[in-house]
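Colleague: Take a look at start.txt, compact mmCIF, C-alpha atoms:
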# COMPACT_ATOMS: atom_id res chain seq x y z
CA MET A 1 -12.00 -39.27 23.91
CA SER A 2 -9.42 -40.07 21.23
CA ASP A 3 -6.22 -38.12 20.65
CA HIS A 4 -7.27 -37.27 17.10
CA LYS A 5 -7.99 -33.61 16.40
CA ILE A 6 -10.37 -32.39 13.72
CA LEU A 7 -10.24 -28.74 12.65
CA VAL A 8 -13.33 -27.19 11.03
CA VAL A 9 -12.84 -23.92 9.12
CA ASP A 10 -16.09 -22.42 7.89
CA ASP A 11 -17.54 -18.89 7.92
CA ASP A 12 -21.07 -20.35 8.01
CA PRO A 13 -21.87 -20.77 11.75
CA THR A 14 -24.60 -23.37 11.12
CA SER A 15 -22.38 -25.54 8.97
CA ARG A 16 -19.49 -25.12 11.41
CA LYS A 17 -21.67 -26.20 14.33
CA ILE A 18 -22.89 -29.33 12.56
CA LEU A 19 -19.35 -30.34 11.66
CA THR A 20 -17.81 -29.71 15.10
CA GLN A 21 -20.66 -31.46 16.92
CA SER A 22 -20.23 -34.46 14.64
CA ALA A 23 -16.54 -34.61 15.53
CA LYS A 24 -17.27 -34.35 19.26
CA LYS A 25 -19.98 -37.00 19.17
CA ALA A 26 -17.51 -39.33 17.47
CA GLY A 27 -15.19 -38.85 20.47
CA HIS A 28 -12.58 -36.64 18.80
CA ILE A 29 -11.15 -33.25 19.76
CA ALA A 30 -12.99 -30.60 17.74
CA LEU A 31 -11.36 -27.28 16.88
CA GLU A 32 -12.94 -24.51 14.83
CA ALA A 33 -12.20 -21.24 13.03
CA GLN A 34 -14.34 -18.92 10.96
CA ASN A 35 -11.81 -18.01 8.25
CA SER A 36 -8.56 -19.27 6.75
CA LYS A 37 -6.30 -16.84 8.64
CA ALA A 38 -7.69 -17.97 11.98
CA GLY A 39 -7.64 -21.55 10.72
CA LEU A 40 -3.90 -21.46 9.97
CA LYS A 41 -3.22 -19.98 13.39
CA THR A 42 -5.30 -22.66 15.12
CA PHE A 43 -3.64 -25.36 13.04
CA LYS A 44 -0.15 -24.15 13.97
CA GLN A 45 -0.99 -23.91 17.67
CA ASN A 46 -2.59 -27.36 17.90
CA SER A 47 -0.60 -29.57 15.51
CA PRO A 48 -0.58 -32.42 14.84
CA ILE A 49 -4.16 -32.35 13.51
CA SER A 50 -5.58 -35.46 11.87
CA VAL A 51 -8.32 -34.00 9.66
CA VAL A 52 -9.04 -30.48 8.39
CA VAL A 53 -12.50 -29.71 7.00
CA SER A 54 -12.74 -26.42 5.10
CA ASN A 55 -15.54 -24.55 3.41
CA HIS A 56 -15.04 -23.99 -0.32
CA MET A 57 -15.57 -20.20 -0.27
CA MET A 58 -14.54 -17.97 2.65
CA PRO A 59 -14.22 -14.19 2.93
CA ASP A 60 -10.41 -14.16 3.02
CA SER A 61 -9.52 -17.21 0.93
CA THR A 62 -10.80 -20.09 -1.15
CA GLY A 63 -10.84 -23.55 0.34
CA GLU A 64 -8.33 -24.70 -2.30
CA GLU A 65 -5.82 -22.02 -1.29
CA PHE A 66 -6.25 -22.75 2.40
CA LEU A 67 -5.95 -26.52 2.09
CA GLU A 68 -2.92 -26.17 -0.16
CA LYS A 69 -1.18 -24.38 2.73
CA ILE A 70 -2.25 -27.16 5.09
CA LYS A 71 -0.81 -29.69 2.67
CA LEU A 72 2.53 -27.86 2.63
CA ALA A 73 2.69 -27.64 6.43
CA SER A 74 1.46 -31.18 7.14
CA PRO A 75 1.05 -33.56 4.19
CA ASN A 76 -0.18 -36.40 6.41
CA THR A 77 -3.17 -34.36 7.56
CA VAL A 78 -6.30 -35.45 5.70
CA ARG A 79 -8.06 -32.60 3.88
CA VAL A 80 -11.81 -32.43 3.27
CA MET A 81 -13.74 -29.65 1.54
CA VAL A 82 -17.37 -28.62 2.05
CA THR A 83 -19.02 -27.16 -1.04
CA ALA A 84 -22.40 -26.42 -2.53
CA ALA A 85 -20.88 -26.41 -6.00
CA ASP A 86 -21.79 -29.12 -8.52
CA ASP A 87 -19.10 -27.92 -10.94
CA LEU A 88 -16.73 -30.79 -11.68
CA GLU A 89 -14.04 -28.30 -12.80
CA VAL A 90 -14.07 -26.75 -9.31
CA MET A 91 -13.62 -30.19 -7.76
CA GLU A 92 -10.85 -31.12 -10.22
CA GLU A 93 -8.93 -27.91 -9.47
CA ALA A 94 -9.25 -28.53 -5.74
CA ILE A 95 -7.92 -32.06 -6.12
CA ASN A 96 -4.98 -30.93 -8.23
CA ARG A 97 -3.99 -28.14 -5.84
CA GLY A 98 -4.80 -29.62 -2.46
CA GLU A 99 -4.81 -33.41 -2.92
CA LEU A 100 -8.16 -33.63 -1.17
CA PHE A 101 -9.44 -36.76 0.49
CA ARG A 102 -13.15 -36.12 -0.04
CA PHE A 103 -15.81 -33.52 -0.69
CA LEU A 104 -18.87 -32.99 1.48
CA LYS A 105 -21.74 -31.43 -0.40
CA LYS A 106 -24.26 -28.99 1.04
CA PRO A 107 -26.83 -29.32 2.46
CA ILE A 108 -24.75 -31.32 4.91
CA ASN A 109 -25.80 -34.87 5.67
CA VAL A 110 -24.83 -35.69 9.29
CA ARG A 111 -24.37 -39.38 8.60
CA SER A 112 -22.13 -38.63 5.62
CA VAL A 113 -20.09 -36.26 7.79
CA LYS A 114 -19.56 -38.94 10.43
CA GLU A 115 -18.51 -41.53 7.85
CA THR A 116 -16.15 -39.08 6.17
CA MET A 117 -14.48 -38.08 9.43
CA GLU A 118 -13.98 -41.70 10.49
CA ALA A 119 -12.57 -42.56 7.06
CA GLY A 120 -10.34 -39.50 7.33
CA ILE A 121 -8.95 -40.69 10.67
CA ARG A 122 -8.16 -44.09 9.19
CA GLN A 123 -6.47 -42.49 6.20
CA TYR A 124 -4.43 -40.23 8.50
CA GLU A 125 -3.13 -43.26 10.36
CA LYS A 126 -2.26 -44.94 7.05
CA ASN A 127 -0.36 -41.80 6.02
CA LEU A 128 1.71 -41.92 9.19
CA LEU A 129 2.51 -45.58 8.68
CA THR A 130 3.52 -44.89 5.07
CA SER A 131 5.89 -42.16 6.22
CA ALA A 132 7.38 -44.46 8.84
CA LYS A 133 7.92 -47.25 6.30
CA ASN A 134 9.68 -44.79 4.02
CA GLY A 135 12.42 -44.68 6.64
CA ARG A 136 12.05 -41.10 7.83
CA ARG A 137 12.65 -41.55 11.54
CA GLY A 138 9.49 -43.63 11.80
CA ALA A 139 7.30 -43.33 14.84
CA LYS A 140 4.21 -45.23 15.89
CA ALA A 141 1.27 -43.62 14.20
CA SER A 142 -1.45 -44.60 16.66
CA LYS A 143 -1.41 -42.01 19.43
CA THR A 144 2.13 -40.68 19.51
CA PRO A 145 2.35 -37.00 18.49
CA LEU A 146 5.09 -36.50 15.92
CA LEU A 147 7.39 -33.54 15.63
CA PRO A 148 6.21 -31.02 13.02
CA VAL A 149 9.20 -31.70 10.81
CA TYR A 150 8.04 -35.27 10.15
CA PHE A 151 4.93 -33.91 8.57
CA LEU A 152 6.97 -31.43 6.54
CA LEU A 153 9.38 -34.10 5.37
CA ALA A 154 6.46 -36.15 4.13
CA ALA A 155 5.67 -33.30 1.73
CA VAL A 156 8.83 -34.03 -0.18
CA LEU A 157 8.98 -37.79 0.21
CA GLY A 158 5.76 -38.59 -1.62
CA GLY A 159 3.36 -41.44 -0.98
CA ALA A 160 -0.01 -42.85 -1.88
CA ALA A 161 -2.96 -40.45 -2.22
CA PHE A 162 -6.65 -41.35 -2.09
CA TYR A 163 -9.47 -39.21 -3.44
CA PHE A 164 -13.17 -39.68 -2.76
CA PHE A 165 -16.37 -37.81 -3.55
CA ALA A 166 -19.13 -37.91 -0.96
CA GLY A 167 -22.68 -37.91 -2.34
CA GLU A 168 -25.19 -35.31 -1.16
CA ARG A 169 -27.35 -37.68 0.85
CA SER A 170 -26.10 -41.03 -0.28
CA GLN A 171 -24.29 -43.61 1.79
CA LYS A 172 -22.50 -44.82 -1.36
CA GLU A 173 -19.21 -43.13 -2.25
CA THR A 174 -17.18 -43.25 -5.41
CA GLN A 175 -13.54 -43.98 -4.69
CA VAL A 176 -10.75 -43.04 -7.08
CA PRO A 177 -7.99 -45.65 -6.98
CA ALA A 178 -4.86 -44.71 -5.08
CA GLN A 179 -2.07 -43.17 -7.11
CA PRO A 180 1.11 -45.25 -7.26
CA ALA A 181 3.83 -44.31 -4.80
CA GLN A 182 6.51 -42.06 -6.23
CA ALA A 183 9.88 -43.52 -7.06
CA THR A 184 12.89 -42.59 -4.98
CA LEU A 185 13.81 -39.01 -5.81
CA THR A 186 17.16 -38.10 -7.30
CA PRO A 187 19.17 -35.37 -5.51
CA GLU A 188 18.18 -32.98 -8.32
CA GLU A 189 14.53 -33.58 -7.41
CA ASP A 190 14.84 -34.17 -3.66
CA ILE A 191 16.82 -31.08 -2.64
CA PRO A 192 14.67 -28.39 -4.36
CA ARG A 193 11.45 -29.87 -2.97
CA LYS A 194 12.75 -29.86 0.59
CA LEU A 195 14.14 -26.35 0.20
CA GLU A 196 10.69 -25.20 -0.88
CA VAL A 197 9.32 -26.46 2.44
CA VAL A 198 12.19 -24.79 4.29
CA ARG A 199 11.45 -21.40 2.73
CA GLU A 200 7.94 -21.45 4.16
CA LEU A 201 9.23 -22.45 7.58
CA VAL A 202 11.87 -19.71 7.58
CA LYS A 203 9.25 -17.17 6.56
CA ASN A 204 7.25 -18.14 9.65
CA GLY A 205 10.30 -18.13 11.93
CA GLU A 206 10.15 -21.90 12.60
CA ALA A 207 13.80 -22.49 13.52
CA GLU A 208 13.74 -26.01 14.99
CA PRO A 209 11.85 -27.67 12.11
CA VAL A 210 14.20 -25.93 9.65
CA ILE A 211 17.23 -27.35 11.46
CA GLN A 212 15.76 -30.85 11.44
CA VAL A 213 14.96 -30.71 7.73
CA PHE A 214 18.49 -29.53 6.97
CA ASN A 215 20.07 -32.15 9.21
CA ASP A 216 18.20 -34.75 7.20
CA LEU A 217 19.42 -33.17 3.96
CA VAL A 218 23.02 -33.06 5.18
CA GLU A 219 22.80 -36.72 6.18
CA LEU A 220 21.60 -37.64 2.68
CA HIS A 221 23.89 -35.23 0.80
CA PRO A 222 26.92 -34.60 3.05
CA ASN A 223 29.17 -33.25 0.29
CA ASP A 224 26.69 -31.05 -1.53
CA PRO A 225 27.85 -27.40 -1.27
CA GLY A 226 24.39 -26.22 -2.27
CA VAL A 227 22.84 -27.89 0.77
CA ALA A 228 25.43 -26.41 3.13
CA GLY A 229 25.04 -23.00 1.51
CA ALA A 230 21.25 -23.10 1.74
CA TYR A 231 21.57 -24.16 5.40
CA ALA A 232 23.77 -21.10 6.03
CA GLU A 233 21.29 -18.76 4.32
CA ALA A 234 18.38 -20.16 6.31
CA MET A 235 20.25 -19.70 9.59
CA LEU A 236 21.08 -16.14 8.54
CA ASP A 237 17.42 -15.39 7.85
CA LEU A 238 16.59 -16.77 11.31
CA ALA A 239 19.30 -14.57 12.91
CA ARG A 240 21.24 -17.63 14.10
CA TYR A 241 24.56 -16.12 13.12
CA ASP A 242 26.90 -18.71 14.65
CA ASP A 243 25.12 -21.46 12.74
CA ALA A 244 25.15 -19.34 9.58
CA MET A 245 28.95 -18.95 9.83
CA LYS A 246 29.40 -22.67 10.52
CA TRP A 247 27.52 -23.79 7.43
CA ALA A 248 28.89 -21.04 5.19
CA ASN A 249 32.41 -22.17 6.05
CA LYS A 250 31.37 -25.78 5.47
CA ALA A 251 30.09 -24.85 2.01
CA LEU A 252 33.40 -23.16 1.21
CA GLU A 253 35.33 -26.23 2.37
CA ILE A 254 33.42 -28.28 -0.18
CA ASP A 255 33.62 -25.67 -2.96
CA PRO A 256 35.62 -22.46 -2.37
CA LYS A 257 34.46 -20.90 -5.62
CA ARG A 258 30.84 -20.29 -4.62
CA GLY A 259 29.72 -16.71 -4.01
CA GLY A 260 26.80 -17.47 -1.70
CA PRO A 261 28.78 -18.47 1.39
CA TYR A 262 30.91 -15.33 1.14
CA ALA A 263 27.73 -13.25 1.00
CA VAL A 264 26.39 -14.99 4.11
CA LEU A 265 29.66 -14.43 5.97
CA GLY A 266 29.62 -10.80 4.89
CA ARG A 267 26.12 -10.36 6.22
CA VAL A 268 27.09 -11.94 9.53
CA GLN A 269 29.99 -9.48 9.85
CA PHE A 270 27.63 -6.61 9.01
CA GLU A 271 25.22 -7.69 11.74
CA GLY A 272 28.17 -7.84 14.14
CA GLY A 273 29.24 -4.31 13.24
CA ASP A 274 32.47 -5.05 11.34
CA LEU A 275 31.67 -3.13 8.16
CA ASP A 276 35.16 -3.44 6.64
CA LYS A 277 35.16 -7.25 6.81
CA ALA A 278 31.57 -7.31 5.58
CA LEU A 279 32.48 -5.15 2.59
CA GLY A 280 35.46 -7.32 1.63
CA LEU A 281 33.50 -10.57 1.87
CA CYS A 282 30.57 -9.22 -0.13
CA ARG A 283 32.83 -7.89 -2.86
CA GLU A 284 34.40 -11.35 -3.10
CA ALA A 285 30.90 -12.84 -3.34
CA ILE A 286 30.05 -10.53 -6.25
CA ARG A 287 33.36 -11.33 -7.97
CA LEU A 288 32.49 -15.03 -7.86
CA ASP A 289 28.81 -14.51 -8.64
CA PRO A 290 27.77 -11.14 -10.14
CA LYS A 291 24.12 -11.96 -9.44
CA MET A 292 24.53 -12.34 -5.67
CA ALA A 293 21.59 -10.23 -4.41
CA LEU A 294 22.46 -10.70 -0.72
CA ALA A 295 25.90 -9.16 -1.29
CA TYR A 296 24.44 -6.11 -3.07
CA ARG A 297 21.92 -5.72 -0.27
CA THR A 298 24.61 -5.80 2.42
CA ILE A 299 26.87 -3.32 0.64
CA GLY A 300 23.82 -1.10 0.14
CA ASN A 301 23.18 -1.32 3.88
CA ILE A 302 26.79 -0.35 4.59
CA TYR A 303 26.55 2.70 2.34
CA LEU A 304 23.35 3.82 4.06
CA ARG A 305 25.12 3.63 7.43
CA GLN A 306 27.98 5.65 6.00
CA GLY A 307 25.63 8.35 4.71
CA ARG A 308 26.21 7.43 1.06
CA TYR A 309 22.50 7.32 0.36
CA LYS A 310 22.58 7.55 -3.44
CA ASP A 311 25.26 4.85 -3.70
CA GLY A 312 23.30 2.69 -1.30
CA LEU A 313 20.14 3.19 -3.35
CA THR A 314 21.92 2.08 -6.53
CA LEU A 315 23.20 -1.13 -4.91
CA LEU A 316 19.82 -1.92 -3.39
CA GLN A 317 18.05 -1.36 -6.69
CA GLU A 318 20.45 -3.86 -8.25
CA ALA A 319 19.63 -6.37 -5.49
CA ASP A 320 15.92 -5.84 -6.17
CA ARG A 321 16.46 -6.31 -9.89
CA ILE A 322 18.20 -9.64 -9.27
CA ASN A 323 15.71 -10.84 -6.66
CA PRO A 324 12.42 -8.89 -6.94
CA ASP A 325 10.55 -11.19 -4.55
CA ASN A 326 12.65 -10.57 -1.44
CA SER A 327 10.79 -8.68 1.27
CA GLU A 328 13.96 -7.79 3.22
CA ILE A 329 15.66 -6.24 0.18
CA LEU A 330 12.58 -4.12 -0.47
CA THR A 331 12.48 -3.01 3.16
CA VAL A 332 16.05 -1.70 3.02
CA LEU A 333 15.34 -0.15 -0.38
CA SER A 334 12.41 1.73 1.13
CA SER A 335 14.76 2.96 3.87
CA ALA A 336 17.06 4.37 1.20
CA HIS A 337 14.13 6.23 -0.36
CA ILE A 338 13.23 7.64 3.06
CA LYS A 339 16.82 8.82 3.57
CA LEU A 340 16.59 10.63 0.22
CA GLU A 341 13.14 12.02 1.15
CA ASP A 342 11.54 10.22 -1.77
CA TYR A 343 8.42 9.22 0.13
CA PRO A 344 6.20 8.03 -2.76
CA ASN A 345 8.83 5.46 -3.78
CA ALA A 346 9.37 4.59 -0.12
CA ILE A 347 5.66 3.79 0.20
CA GLN A 348 5.67 1.79 -3.03
CA THR A 349 8.64 -0.39 -2.07
CA ALA A 350 7.58 -0.86 1.56
CA SER A 351 4.10 -1.87 0.37
CA ARG A 352 5.65 -4.47 -1.93
CA ALA A 353 7.68 -5.76 1.01
CA ALA A 354 4.58 -6.08 3.21
CA LYS A 355 2.66 -7.82 0.43
CA LEU A 356 5.44 -10.38 -0.01
CA ASN A 357 5.68 -11.01 3.73
CA SER A 358 2.89 -9.75 5.97
CA GLU A 359 5.00 -10.71 9.02
CA ASN A 360 7.81 -8.27 8.12
CA PRO A 361 7.64 -5.50 10.76
CA GLY A 362 10.29 -3.36 9.05
CA ALA A 363 8.03 -2.86 6.05
CA TYR A 364 5.25 -1.43 8.23
CA PHE A 365 7.73 0.66 10.21
CA ASN A 366 8.96 2.29 6.99
CA LEU A 367 5.41 2.81 5.77
CA ALA A 368 4.68 4.62 9.04
CA LEU A 369 7.73 6.86 8.59
CA ALA A 370 6.83 7.67 4.98
CA TYR A 371 3.20 8.50 5.78
CA TYR A 372 4.37 10.55 8.77
CA ASN A 373 6.50 12.66 6.45
CA ILE A 374 3.71 13.28 3.95
CA ASN A 375 1.36 14.24 6.81
CA ASP A 376 -0.98 11.27 6.61
CA GLY A 377 -1.47 10.71 10.33
CA PRO A 378 -4.07 7.91 10.28
CA LYS A 379 -2.06 5.72 7.89
CA ALA A 380 1.13 6.42 9.82
CA LEU A 381 -0.56 5.37 13.07
CA ASP A 382 -2.12 2.26 11.56
CA ASN A 383 1.21 1.02 10.17
CA ILE A 384 3.25 1.75 13.30
CA ARG A 385 0.71 -0.22 15.35
CA THR A 386 1.20 -3.19 13.04
CA ALA A 387 4.98 -2.86 13.24
CA GLU A 388 4.92 -2.71 17.04
CA LYS A 389 2.75 -5.84 17.33
CA LEU A 390 5.03 -7.78 14.98
CA TYR A 391 8.18 -6.69 16.81
CA GLN A 392 6.57 -7.80 20.08
CA LYS A 393 5.56 -11.12 18.53
CA GLN A 394 9.10 -11.69 17.29
CA LYS A 395 10.52 -10.71 20.70
CA ARG A 396 12.62 -7.82 19.44
CA PRO A 397 12.52 -5.42 22.41
CA ASN A 398 14.76 -2.70 20.94
CA TRP A 399 12.62 -2.32 17.85
CA THR A 400 9.45 -2.59 19.90
CA ALA A 401 10.66 0.40 21.90
CA LYS A 402 11.50 2.31 18.71
CA SER A 403 8.03 1.61 17.34
CA ARG A 404 6.41 2.82 20.53
CA ALA A 405 8.49 6.02 20.46
CA THR A 406 7.52 6.59 16.84
CA LYS A 407 3.87 6.05 17.73
CA ARG A 408 4.14 8.75 20.39
CA ALA A 409 5.65 11.13 17.83
CA ILE A 410 2.80 10.43 15.40
CA VAL A 411 0.14 10.99 18.07
CA SER A 412 1.82 14.24 19.10
CA LYS A 413 2.35 15.63 15.60
CA PHE A 414 -1.18 15.00 14.41
CA HIS A 415 -2.87 15.88 17.74
CA LEU A 416 -4.45 12.46 18.04
CA ASN A 417 -6.02 11.07 21.20
CA PRO A 418 -3.21 10.13 23.63
CA GLU A 419 -5.08 6.92 24.37
CA GLU A 420 -4.00 5.76 20.92
CA ILE A 421 -0.53 5.16 22.36
CA GLU A 422 -1.89 2.39 24.58
CA LYS A 423 -3.73 0.60 21.79
Mind turning this structure into C-alpha cells?

Modeller:
Amino acid sequence: MSDHKILVVDDDPTSRKILTQSAKKAGHIALEAQNSKAGLKTFKQNSPISVVVSNHMMPDSTGEEFLEKIKLASPNTVRVMVTAADDLEVMEEAINRGELFRFLKKPINVRSVKETMEAGIRQYEKNLLTSAKNGRRGAKASKTPLLPVYFLLAAVLGGAAFYFFAGERSQKETQVPAQPAQATLTPEEDIPRKLEVVRELVKNGEAEPVIQVFNDLVELHPNDPGVAGAYAEAMLDLARYDDAMKWANKALEIDPKRGGPYAVLGRVQFEGGDLDKALGLCREAIRLDPKMALAYRTIGNIYLRQGRYKDGLTLLQEADRINPDNSEILTVLSSAHIKLEDYPNAIQTASRAAKLNSENPGAYFNLALAYYNINDGPKALDNIRTAEKLYQKQKRPNWTAKSRATKRAIVSKFHLNPEEIEK
C-alpha cells in the first residue's frame, strides 16, 4: 500500500463507497466523511492528504466552499469535485474559487475515477516538487510527510495550476493548459497573503504552524515592524504571553510610534492582573492610534472588573465599531450587557460572536447566562453544553469547571432531569 491518502467527502453512501473502494483497489489509503464538517475534521487529523474528492452539493456546505477551505489549509492537496451538474457556470465558479484539478460527473464511471485518482497523485507529487524548488525548506516529495506549515506556505507562494474536466463515460479528457507561475511577490503582496493564512490557523488554535509561518516572514522581512507586530498579536490570541511580549517589544524597537504593540503589551498586563500597567499601555496605544480596537477592548474589560459597567460598555461598543468582525470583542460586549441586565442585547452580541467563530466557548457561555436570566431553560442548557465541550477541547480546566457548575444551576432552576448534568 502506498503512503498516499485520498479523502472522499460525499453524503451519498453509494457514491462514497464507489470512490473509496476505487482508492483502496489502487493501493492507497482511503478516508471518508459524509459532510464537509466531518471532512475538515478528518483532513486535519490525517494530514498530509494527497487528494480530496468532494461531492458538489452536501447538506452543510457546497463542494466549492469545502474545497476552498482545503485549498487554504493545504494548497498542494489535489482537489476533485463530483457533480451531476452540466452547468458550465457552476464548473467555472468552482474552478475560480477552489482551483480544482478535475470534475467527475455522475453517474460515476469507475475507470474514470481510477484514472483521475492516479493523475491526482502524480499532480500532488509535482506540487510538492514545485514548492521545494521555490526554496521553501524543500523536502523530498515522494513519501516523506511534510509539516503542515509547508502546505500553508505554498498557499502564498504560488505555482502552476492544472485544470481538467473528466467526461461522463469517456476515456478522453480535455486538459486546460497550466497557468504560468506567479512572479516573485513584493513585500506588499507577500505579507498580507501569509497573514491571511495565519488568521485561519490562529482561529483554529494551531500554534506551531503559526510560529513557523512567522519565522519565515521574519527571516524574509527582519526589519518590518508590521510583521513583528502581527507576530505579537497572533501570540496574544494563542495565549502565549511571553512570546507576545517579545515580539511587541521587537516591533517597538523597529518603530516606537506604532500603537499596536502597546495594545498587545497592555493586554498581556491585563491577563497577568496588573490593571494599572494595562491601562497606561492601552491609553498610549490609543494616543498613537485612535482606532486601536484591542486597546478599547482591554480598557473596557478593566472597567467591567472595576464595576464601571456603563463605562465599560461604551469602550467595548467603540471597539466593536472599529472592528465589527472580532468574536472576542463581541463576547466581552455581551458580558457588559449581562452585567447591565440587558439580556436581549447580550443574546444578540453573543450570537454574533458565535457566528463569527463557532469555536469560541465564551460566546456560548454568555448565551447560556442570558437565556438563564430570561427563563429559557432549554436554550440555556443547550448553550452551556456547547461551552463546556469547547472549554474541554481547548484544555481550559477552570472554565470547564465553571461551565459544569452553571449547568448544574440551570438543571436545578428549571427542574430538568439531573441526568442532563452528565451529558

Colleague: Applying 12 Å and all atoms listed in the file, which residues near Asn375 (chain A) remain after dropping the ones on its own chain fewer than 3 positions away? List them as an NGL selection string.

Modeller: :A and (343 or 368-372 or 378-381 or 410-411 or 413-415)

Colleague: My list of candidates is A:Tyr309, A:Trp399, A:Tyr364, A:Tyr262. Which is closest to Ile384 (chain A) when distances are computed with all atoms listed in the file?

Modeller: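 The shortest atom-to-atom distance to Ile384 (chain A) comes from A:Tyr364.
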
Colleague: Quick check, in Å to one decimal: how far apart do CA of Leu104 (chain A) and CA of Gly120 (chain A) lie?

Modeller: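 Calculated distance between CA of Leu104 (chain A) and CA of Gly120 (chain A) is 12.2 Å.
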
Colleague: Could you give me, as a ChimeraX atom specification, the residues within 9 Å of Val80 (chain A), counting only C-alpha atoms and dropping anything in the same chain fewer than 5 positions from it?

Modeller: /A:51-55,67,100-104,116-117,120

Colleague: For each of A:Ile302, A:Gly39, A:Pro324, A:Pro290, take the minimum atom-to-atom distance to Gly266 (chain A), counting only C-alpha atoms, then give the residue where this is smallest.

Modeller: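 Answer, going by the shortest atom-to-atom distance: A:Ile302.
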
Colleague: CA of Arg287 (chain A) and CA of Ala263 (chain A) are how many Å apart?

Modeller: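 The value is 10.8 Å.
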
Colleague: Which residues are near Ala353 (chain A)? Cut-off 6 Å, all atoms listed in the file, ignore same chain within fewer than 4 positions. Put them as a list of chain:residue names.

Modeller: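 The contact residues come out as A:Ser327, A:Leu330, A:Thr331, A:Ala363.
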
Colleague: Within 9 Å of Leu356 (chain A), counting all atoms listed in the file, which residues qualify if same-chain residues fewer than 3 places away don't, as a ChimeraX atom specification?

Modeller: /A:325-327,351-353,360

Colleague: To one decimal place, how far is CA of Pro192 (chain A) from CA of Leu217 (chain A) in Å?

Modeller: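 If I compute the distance from CA of Pro192 (chain A) to CA of Leu217 (chain A), I get 10.7 Å.
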
Colleague: For each of A:Pro361, A:Gly260, A:Gly229, A:Pro344, take the minimum atom-to-atom distance to Ser403 (chain A), counting all atoms listed in the file, then give the residue where this is smallest.

Modeller: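 Checking each candidate against Ser403 (chain A), we get A:Pro361 as the closest.
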
Colleague: Could you tell me which of A:Ala387, A:Ile211, A:Val78, A:Ala23 comes closest to Arg122 (chain A) if we count only C-alpha atoms?

Modeller: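 The shortest atom-to-atom distance to Arg122 (chain A) comes from A:Val78.
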
Colleague: With a distance cut-off of 12 Å and only C-alpha atoms, select the neighbouring residues of Asn223 (chain A), excluding the residue or stretch itself and same-chain residues fewer than 5 positions from it, and output the selection as a ChimeraX atom specification.

Modeller: /A:187,217-218,228-229,247,250-255

Colleague: Which residue, A:Asp12, A:Asn345, A:Ala293, A:Lys194, has the smallest gap to Leu220 (chain A) when you use only C-alpha atoms?

Modeller: A:Lys194

Colleague: Just checking: using only C-alpha atoms, which residue out of A:Ala285, A:Met245, A:Ile121, A:Leu279 ends up closest to Asn301 (chain A)?

Modeller: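 Checking each of A:Ala285, A:Met245, A:Ile121, A:Leu279 against Asn301 (chain A), counting only C-alpha atoms, the winner is A:Leu279.
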